Amino acid sequence: MIPIWDSSDFPGRIDSGTLVLSFLSAMLLTSFESKAFMTTFNVLDYGAVGDGSSNDTPAFVKTWKSTCNAETENAAMIVPHGKTFLVHPMAFDGPCQPTNISFLVSGTIVAPDSPDAWKGKDQGRWLIFRAVDGLSVNGPGMIDGRGQGWWDILCATHRQLLGCVKLAPTVLSFFQCNKVSMNNLPVVNSPQTHILITGCNDVMVDSLNIKSPEASPNTDGIHISSSRGVFISNTNIGSGDDCISIGDHTSDVYITDVNCGPGHGVSIGSLGRSGNEVKVNNINVIRVNFYKTTNGVRIKTWQVGRGHVQGVVFKDISFKDVKNPIVIDQHYCDVRNACKPTKTGVHIHDVQYSGTFGTSKSKVAINLNCSQAVPCTKILLDAIQLASSAPGKAVISSCNNAYGNATGVVKPESCLLYQEP
């Protein structure tokens with residue numbers, strides 16, 4: 001049986017490395033225990049061909065129905081090794097009878113290579129898990145979104161193309177799922193975001209390889225929103241957008257031992273675009289390596305937003321030739337200088353940057369551009385060592401309305417307005 005664990009058992013800031021290892025050890029141990037009692041359902045037994053060109057969607061639908069309705073505590077849907085399965089857009093809906101459901105991908109699942117396959121369907125989704133609790137999605141196979149056909153018609157990069165589209169499918173979407181794990185699985189070439197986690201609690205992501213070309217538009221690695229207790233560890237992400245992005249109404253996120261690049265870094269936001277009340281709490285980004293990314297660690301909010309982002313830790317972060325290593329932008333706008341100043345703002349409070357080092361491709365290595373109406377408060381710069389990627393060049397820090405203090409050696413020199421700790 002999968003262990004019963006809940007992020008509420010770990011309040012406040014803790015040693016996330018120890019926490020992740022404890023969870024993984026517990027889950028690994030119990031996975032061996034549960035296999036002896038696992039009822040399995042193989043897609044080949046339900047008519048799947050696995051030649052990469054036959055439409056195996058009906059077989060996947062039938063297999064999932066049997067798996068989800070199985071009258072057993074532990075059930076597994078098997079996608080076998082040595083086969084390639086073409087699957088059109090579909091949903092794996094719950095709630096399900098088994099307490100624990102495994103989706104075991106040993107072969108390869110591929111999306112249709114033409115956007116025409118989405119006509120009359122939700123253009124933003126490919127594979128959806130909805131209201132499935134106790135779910136584990138495991139490799140070592142591969143899920144390939146085959147996004148090139150979408151990248152060629154997206155307005156983000158083809159604005160002059162007649163009939164260009166603004167929305168493309170996400171490879172894996174998890175909606176209202178609790179106690180979910182993903183492990184040892186390559187997810188590649190998504191038309192847009194690779195993995196979406198929305199309205200979920202207690203999610204463990206470990207040892208994934210997420211990859212799409214640097215020029216692929218809007219291909220975030222993992223996007224999290226309206227979720228609590230999300231743990232991402234030992235994962236490599238390279239894409240054309242954020243490696244990991246964190247949306248509104250999200251709390252208790254632990255991102256550890258992740259390699260990011262190419263891409264746009266790890267972002268909290270953008271938040272508050274519609275003037276809504278933002279609530280983002282307890283976000284921890286620890287031991288993350290950024291390699292030639294556009295940004296490193298970034299918080300971005302719209303001026304019209306309200307609410308707060310608080311309790312954020314960026315610790316033991318390394319940057320290699322990163323254009324903008326450390327960024328807070330409370331004036332985020334999709335069109336430069338098009339958003340008028342407001343008297344509102346999302347309050348960014350209690351943000352720690354500790355033990356960060358590496359090289360910046362831009363002169364401004366630390367850029368804290370906070371709101372005059374709602375300044376950033378309780379910002380800590382602790383043991384920061386940033387230098388220019390270009391030998392002999394200097395880097396600087398830039399602050400607007402950013403209050404806090406610095407401890408230890410901080411290079412470039414802190415520009416924070418002093419605030420009592």
# chains A, B, ... in the order shown; residues from 1 in each chain; ligands from 1
call {"tool": "residues_around", "arguments": {"residues": "Ala48 (chain A)", "least_positions_apart": "4", "cutoff": "12 Å", "atoms": "only C-alpha atoms", "output": "PyMOL selection string"}}
result
chain A and resi 41-44+52-63+78-80+83-87+109
call {"tool": "write_last_selection", "arguments": {"atoms": "C-alpha atoms", "output": "CSV table (one decimal), in the first residue's frame"}}
result
chain,number,residue,atom,x,y,z
A,41,PHE,CA,-4.4,-4.7,-17.1
A,42,ASN,CA,-2.2,-4.7,-20.3
A,43,VAL,CA,-3.3,-2.5,-23.2
A,44,LEU,CA,-2.4,-5.3,-25.6
A,52,GLY,CA,3.2,3.7,-33.8
A,53,SER,CA,0.6,4.3,-36.6
A,54,SER,CA,-2.5,2.4,-35.6
A,55,ASN,CA,-4.9,4.4,-33.4
A,56,ASP,CA,-4.6,2.7,-30.0
A,57,THR,CA,-6.9,5.2,-28.2
A,58,PRO,CA,-9.9,2.8,-28.0
A,59,ALA,CA,-7.7,0.1,-26.4
A,60,PHE,CA,-6.4,2.7,-23.8
A,61,VAL,CA,-9.9,3.8,-23.0
A,62,LYS,CA,-11.1,0.2,-22.4
A,63,THR,CA,-8.0,-0.7,-20.4
A,78,ILE,CA,0.4,-1.6,-18.3
A,79,VAL,CA,1.9,0.0,-21.4
A,80,PRO,CA,4.4,-2.7,-22.4
A,83,LYS,CA,6.0,-1.0,-28.5
A,84,THR,CA,5.0,2.5,-29.7
A,85,PHE,CA,1.4,3.4,-29.0
A,86,LEU,CA,-0.4,6.3,-30.9
A,87,VAL,CA,-3.0,7.8,-28.6
A,109,ILE,CA,3.2,6.7,-26.1
call {"tool": "closest_atom_pairs", "arguments": {"of": "region 257-298 of chain A", "to": "region 310-318 of chain A", "cutoff": "7 Å", "atoms": "only C-alpha atoms", "output": "tab-separated table"}}
result
residue	atom	partner	partner_atom	distance
A:Val280	CA	A:Gln310	CA	6.5
A:Asn281	CA	A:Gln310	CA	5.1
A:Asn282	CA	A:Gly311	CA	4.6
A:Ile283	CA	A:Val312	CA	4.7
A:Asn284	CA	A:Val313	CA	4.7
A:Val285	CA	A:Phe314	CA	4.9
A:Ile286	CA	A:Lys315	CA	4.8
A:Arg287	CA	A:Asp316	CA	4.9
A:Val288	CA	A:Ile317	CA	5.2
A:Asn289	CA	A:Ser318	CA	4.9
A:Phe290	CA	A:Ser318	CA	6.1
call {"tool": "write_last_selection", "arguments": {"atoms": "N, CA, C and O atoms", "output": "tab-separated table (two decimals), in the first residue's frame"}}
result
chain	number	residue	atom	x	y	z
A	280	VAL	N	0.19	32.84	-2.41
A	280	VAL	CA	1.26	31.89	-2.65
A	280	VAL	C	2.15	31.86	-1.43
A	280	VAL	O	2.67	32.90	-1.00
A	281	ASN	N	2.34	30.68	-0.82
A	281	ASN	CA	3.05	30.57	0.45
A	281	ASN	C	4.01	29.37	0.46
A	281	ASN	O	3.73	28.34	-0.14
A	282	ASN	N	5.13	29.55	1.16
A	282	ASN	CA	6.05	28.46	1.47
A	282	ASN	C	6.54	27.73	0.21
A	282	ASN	O	6.21	26.56	-0.03
A	283	ILE	N	7.31	28.45	-0.57
A	283	ILE	CA	7.91	27.91	-1.79
A	283	ILE	C	9.41	27.76	-1.54
A	283	ILE	O	10.09	28.72	-1.18
A	284	ASN	N	9.94	26.57	-1.76
A	284	ASN	CA	11.34	26.27	-1.45
A	284	ASN	C	12.04	25.73	-2.70
A	284	ASN	O	11.63	24.70	-3.24
A	285	VAL	N	13.09	26.44	-3.13
A	285	VAL	CA	13.86	26.03	-4.31
A	285	VAL	C	15.30	25.84	-3.85
A	285	VAL	O	15.98	26.81	-3.50
A	286	ILE	N	15.76	24.59	-3.81
A	286	ILE	CA	17.02	24.26	-3.14
A	286	ILE	C	17.86	23.34	-4.02
A	286	ILE	O	17.34	22.37	-4.59
A	287	ARG	N	19.14	23.66	-4.14
A	287	ARG	CA	20.08	22.87	-4.93
A	287	ARG	C	19.59	22.71	-6.38
A	287	ARG	O	19.42	21.60	-6.89
A	288	VAL	N	19.38	23.84	-7.03
A	288	VAL	CA	18.98	23.86	-8.43
A	288	VAL	C	20.10	24.49	-9.25
A	288	VAL	O	20.65	25.53	-8.87
A	289	ASN	N	20.43	23.86	-10.35
A	289	ASN	CA	21.49	24.33	-11.24
A	289	ASN	C	20.87	24.90	-12.52
A	289	ASN	O	20.08	24.22	-13.18
A	290	PHE	N	21.26	26.13	-12.85
A	290	PHE	CA	20.76	26.77	-14.06
A	290	PHE	C	21.91	26.89	-15.06
A	290	PHE	O	22.97	27.43	-14.73
call {"tool": "closest_residue", "arguments": {"among": "A:Cys164, A:Leu104, A:Gly355, A:Thr72", "to": "Met182 (chain A)", "atoms": "only C-alpha atoms"}}
result
A:Leu104
call {"tool": "closest_residue", "arguments": {"among": "A:Ser245, A:Gln176, A:Asn138, A:Ser190", "to": "Trp150 (chain A)", "atoms": "only C-alpha atoms"}}
result
A:Ser190
call {"tool": "residues_around", "arguments": {"residues": "region 358-375 of chain A", "least_positions_apart": "4", "cutoff": "8 Å", "atoms": "only C-alpha atoms", "output": "number ranges by chain"}}
result
A: 303, 318-331, 342-348, 385-390, 394-403, 412
call {"tool": "closest_residue", "arguments": {"among": "A:Asp350, A:Asp242, A:Asp122, A:Asp252", "to": "Asn201 (chain A)", "atoms": "only C-alpha atoms"}}
result
A:Asp252
call {"tool": "atom_distance", "arguments": {"atom1": "CA of Gly392 (chain A)", "atom2": "CA of Val297 (chain A)"}}
result
24.8 Å
call {"tool": "closest_residue", "arguments": {"among": "A:Pro89, A:Gly305, A:Gly296, A:Gln97", "to": "Gly120 (chain A)", "atoms": "only C-alpha atoms"}}
result
A:Pro89
call {"tool": "atom_distance", "arguments": {"atom1": "CA of Val137 (chain A)", "atom2": "CA of Asn69 (chain A)"}}
result
17.7 Å
call {"tool": "closest_residue", "arguments": {"among": "A:Val258, A:Cys155, A:Cys68, A:Ala338", "to": "Ser207 (chain A)", "atoms": "only C-alpha atoms"}}
result
A:Val258
call {"tool": "residues_around", "arguments": {"residues": "Glu420 (chain A)", "least_positions_apart": "3", "cutoff": "12 Å", "atoms": "only C-alpha atoms", "output": "VMD selection string"}}
result
chain A and resid 377 to 380 403 to 406 416 to 417
call {"tool": "write_last_selection", "arguments": {"atoms": "N, CA and C atoms", "output": "short mmCIF file (atom, residue, chain, number, x, y, z; two decimals), in the first residue's frame"}}
result
data_model
loop_
_atom_site.label_atom_id
_atom_site.label_comp_id
_atom_site.auth_asym_id
_atom_site.auth_seq_id
_atom_site.Cartn_x
_atom_site.Cartn_y
_atom_site.Cartn_z
N THR A 377 9.19 43.44 1.09
CA THR A 377 9.69 43.56 2.46
C THR A 377 10.31 42.25 2.92
N LYS A 378 11.21 42.38 3.88
CA LYS A 378 11.91 41.26 4.50
C LYS A 378 12.60 40.37 3.45
N ILE A 379 13.37 41.02 2.59
CA ILE A 379 14.19 40.29 1.62
C ILE A 379 15.56 40.05 2.26
N LEU A 380 16.06 38.84 2.15
CA LEU A 380 17.38 38.50 2.71
C LEU A 380 18.31 38.07 1.59
N TYR A 403 13.00 46.22 0.48
CA TYR A 403 13.47 46.37 1.85
C TYR A 403 13.92 45.03 2.42
N GLY A 404 15.02 45.06 3.16
CA GLY A 404 15.51 43.84 3.77
C GLY A 404 16.91 44.04 4.29
N ASN A 405 17.71 42.98 4.34
CA ASN A 405 19.08 43.11 4.81
C ASN A 405 19.95 42.02 4.19
N ALA A 406 21.23 42.22 4.28
CA ALA A 406 22.21 41.30 3.71
C ALA A 406 23.12 40.79 4.82
N LEU A 416 19.64 46.67 -1.17
CA LEU A 416 18.40 46.70 -0.40
C LEU A 416 18.33 47.91 0.52
N LEU A 417 17.14 48.45 0.67
CA LEU A 417 16.87 49.45 1.70
C LEU A 417 16.77 48.72 3.04
#
call {"tool": "residues_around", "arguments": {"residues": "Ser227 (chain A)", "least_positions_apart": "3", "cutoff": "7 Å", "atoms": "only C-alpha atoms", "output": "list of chain:residue names"}}
result
A:Thr198, A:Gly199, A:Cys200, A:Asn201, A:Ile224, A:His249, A:Thr250, A:Ser251
call {"tool": "atom_distance", "arguments": {"atom1": "CA of Lys292 (chain A)", "atom2": "CA of Asp382 (chain A)"}}
result
23.3 Å
call {"tool": "decode", "arguments": {"residues": "region 315-328 of chain A", "atoms": "all heavy atoms", "output": "short mmCIF file (atom, residue, chain, number, x, y, z; two decimals), in the first residue's frame"}}
result
data_model
loop_
_atom_site.label_atom_id
_atom_site.label_comp_id
_atom_site.auth_asym_id
_atom_site.auth_seq_id
_atom_site.Cartn_x
_atom_site.Cartn_y
_atom_site.Cartn_z
N LYS A 315 17.84 28.56 -2.14
CA LYS A 315 19.04 28.20 -1.38
C LYS A 315 19.93 27.25 -2.19
O LYS A 315 19.44 26.35 -2.87
CB LYS A 315 18.63 27.52 -0.07
CG LYS A 315 19.79 27.14 0.85
CD LYS A 315 19.28 26.51 2.14
CE LYS A 315 20.44 26.14 3.06
NZ LYS A 315 19.96 25.49 4.30
N ASP A 316 21.25 27.50 -2.09
CA ASP A 316 22.24 26.64 -2.76
C ASP A 316 21.94 26.53 -4.25
O ASP A 316 21.75 25.45 -4.81
CB ASP A 316 22.28 25.24 -2.12
CG ASP A 316 22.71 25.29 -0.66
OD1 ASP A 316 23.40 26.25 -0.29
OD2 ASP A 316 22.33 24.38 0.09
N ILE A 317 21.88 27.69 -4.89
CA ILE A 317 21.55 27.80 -6.31
C ILE A 317 22.82 28.12 -7.09
O ILE A 317 23.60 29.00 -6.69
CB ILE A 317 20.51 28.91 -6.55
CG1 ILE A 317 19.28 28.73 -5.66
CG2 ILE A 317 20.13 28.98 -8.02
CD1 ILE A 317 18.47 27.50 -5.92
N SER A 318 23.02 27.45 -8.23
CA SER A 318 24.18 27.76 -9.07
C SER A 318 23.70 28.25 -10.44
O SER A 318 22.71 27.75 -10.98
CB SER A 318 25.08 26.54 -9.22
OG SER A 318 24.49 25.58 -10.06
N PHE A 319 24.43 29.23 -10.96
CA PHE A 319 24.13 29.81 -12.26
C PHE A 319 25.36 29.70 -13.16
O PHE A 319 26.46 30.06 -12.75
CB PHE A 319 23.76 31.29 -12.13
CG PHE A 319 22.64 31.59 -11.16
CD1 PHE A 319 22.91 32.12 -9.90
CD2 PHE A 319 21.32 31.36 -11.50
CE1 PHE A 319 21.89 32.41 -9.01
CE2 PHE A 319 20.28 31.64 -10.62
CZ PHE A 319 20.57 32.17 -9.37
N LYS A 320 25.16 29.23 -14.38
CA LYS A 320 26.22 29.20 -15.37
C LYS A 320 25.75 29.95 -16.61
O LYS A 320 24.84 29.51 -17.32
CB LYS A 320 26.57 27.75 -15.72
CG LYS A 320 27.55 27.58 -16.88
CD LYS A 320 28.93 28.13 -16.57
CE LYS A 320 29.90 27.82 -17.70
NZ LYS A 320 31.24 28.39 -17.47
N ASP A 321 26.32 31.13 -16.84
CA ASP A 321 25.98 31.95 -18.01
C ASP A 321 24.48 32.20 -18.11
O ASP A 321 23.85 32.02 -19.17
CB ASP A 321 26.48 31.29 -19.30
CG ASP A 321 27.99 31.17 -19.34
OD1 ASP A 321 28.66 31.94 -18.63
OD2 ASP A 321 28.49 30.30 -20.07
N VAL A 322 23.89 32.64 -17.01
CA VAL A 322 22.46 32.94 -16.95
C VAL A 322 22.26 34.43 -17.19
O VAL A 322 22.96 35.26 -16.61
CB VAL A 322 21.87 32.51 -15.59
CG1 VAL A 322 20.43 32.98 -15.45
CG2 VAL A 322 21.96 31.00 -15.44
N LYS A 323 21.29 34.77 -18.03
CA LYS A 323 21.13 36.17 -18.41
C LYS A 323 20.67 37.03 -17.23
O LYS A 323 21.17 38.13 -17.02
CB LYS A 323 20.13 36.28 -19.56
CG LYS A 323 20.03 37.68 -20.15
CD LYS A 323 19.13 37.71 -21.37
CE LYS A 323 19.05 39.12 -21.95
NZ LYS A 323 18.16 39.18 -23.13
N ASN A 324 19.69 36.56 -16.47
CA ASN A 324 19.15 37.32 -15.33
C ASN A 324 19.05 36.38 -14.13
O ASN A 324 17.99 35.78 -13.91
CB ASN A 324 17.77 37.89 -15.66
CG ASN A 324 17.77 38.75 -16.91
OD1 ASN A 324 18.40 39.80 -16.95
ND2 ASN A 324 17.07 38.29 -17.94
N PRO A 325 20.10 36.25 -13.34
CA PRO A 325 20.09 35.24 -12.28
C PRO A 325 19.01 35.41 -11.22
O PRO A 325 18.30 34.45 -10.89
CB PRO A 325 21.49 35.36 -11.67
CG PRO A 325 22.33 35.93 -12.76
CD PRO A 325 21.44 36.87 -13.50
N ILE A 326 18.88 36.62 -10.65
CA ILE A 326 17.93 36.85 -9.56
C ILE A 326 17.01 38.01 -9.94
O ILE A 326 17.48 39.13 -10.19
CB ILE A 326 18.67 37.16 -8.24
CG1 ILE A 326 19.47 35.93 -7.79
CG2 ILE A 326 17.69 37.59 -7.17
CD1 ILE A 326 20.34 36.18 -6.56
N VAL A 327 15.70 37.75 -9.99
CA VAL A 327 14.75 38.76 -10.46
C VAL A 327 13.50 38.77 -9.58
O VAL A 327 12.92 37.72 -9.30
CB VAL A 327 14.31 38.49 -11.92
CG1 VAL A 327 13.28 39.52 -12.37
CG2 VAL A 327 15.51 38.48 -12.86
N ILE A 328 13.10 39.96 -9.15
CA ILE A 328 11.74 40.22 -8.70
C ILE A 328 11.20 41.33 -9.59
O ILE A 328 11.83 42.39 -9.72
CB ILE A 328 11.66 40.65 -7.22
CG1 ILE A 328 12.06 39.50 -6.29
CG2 ILE A 328 10.24 41.12 -6.88
CD1 ILE A 328 12.04 39.87 -4.82
#
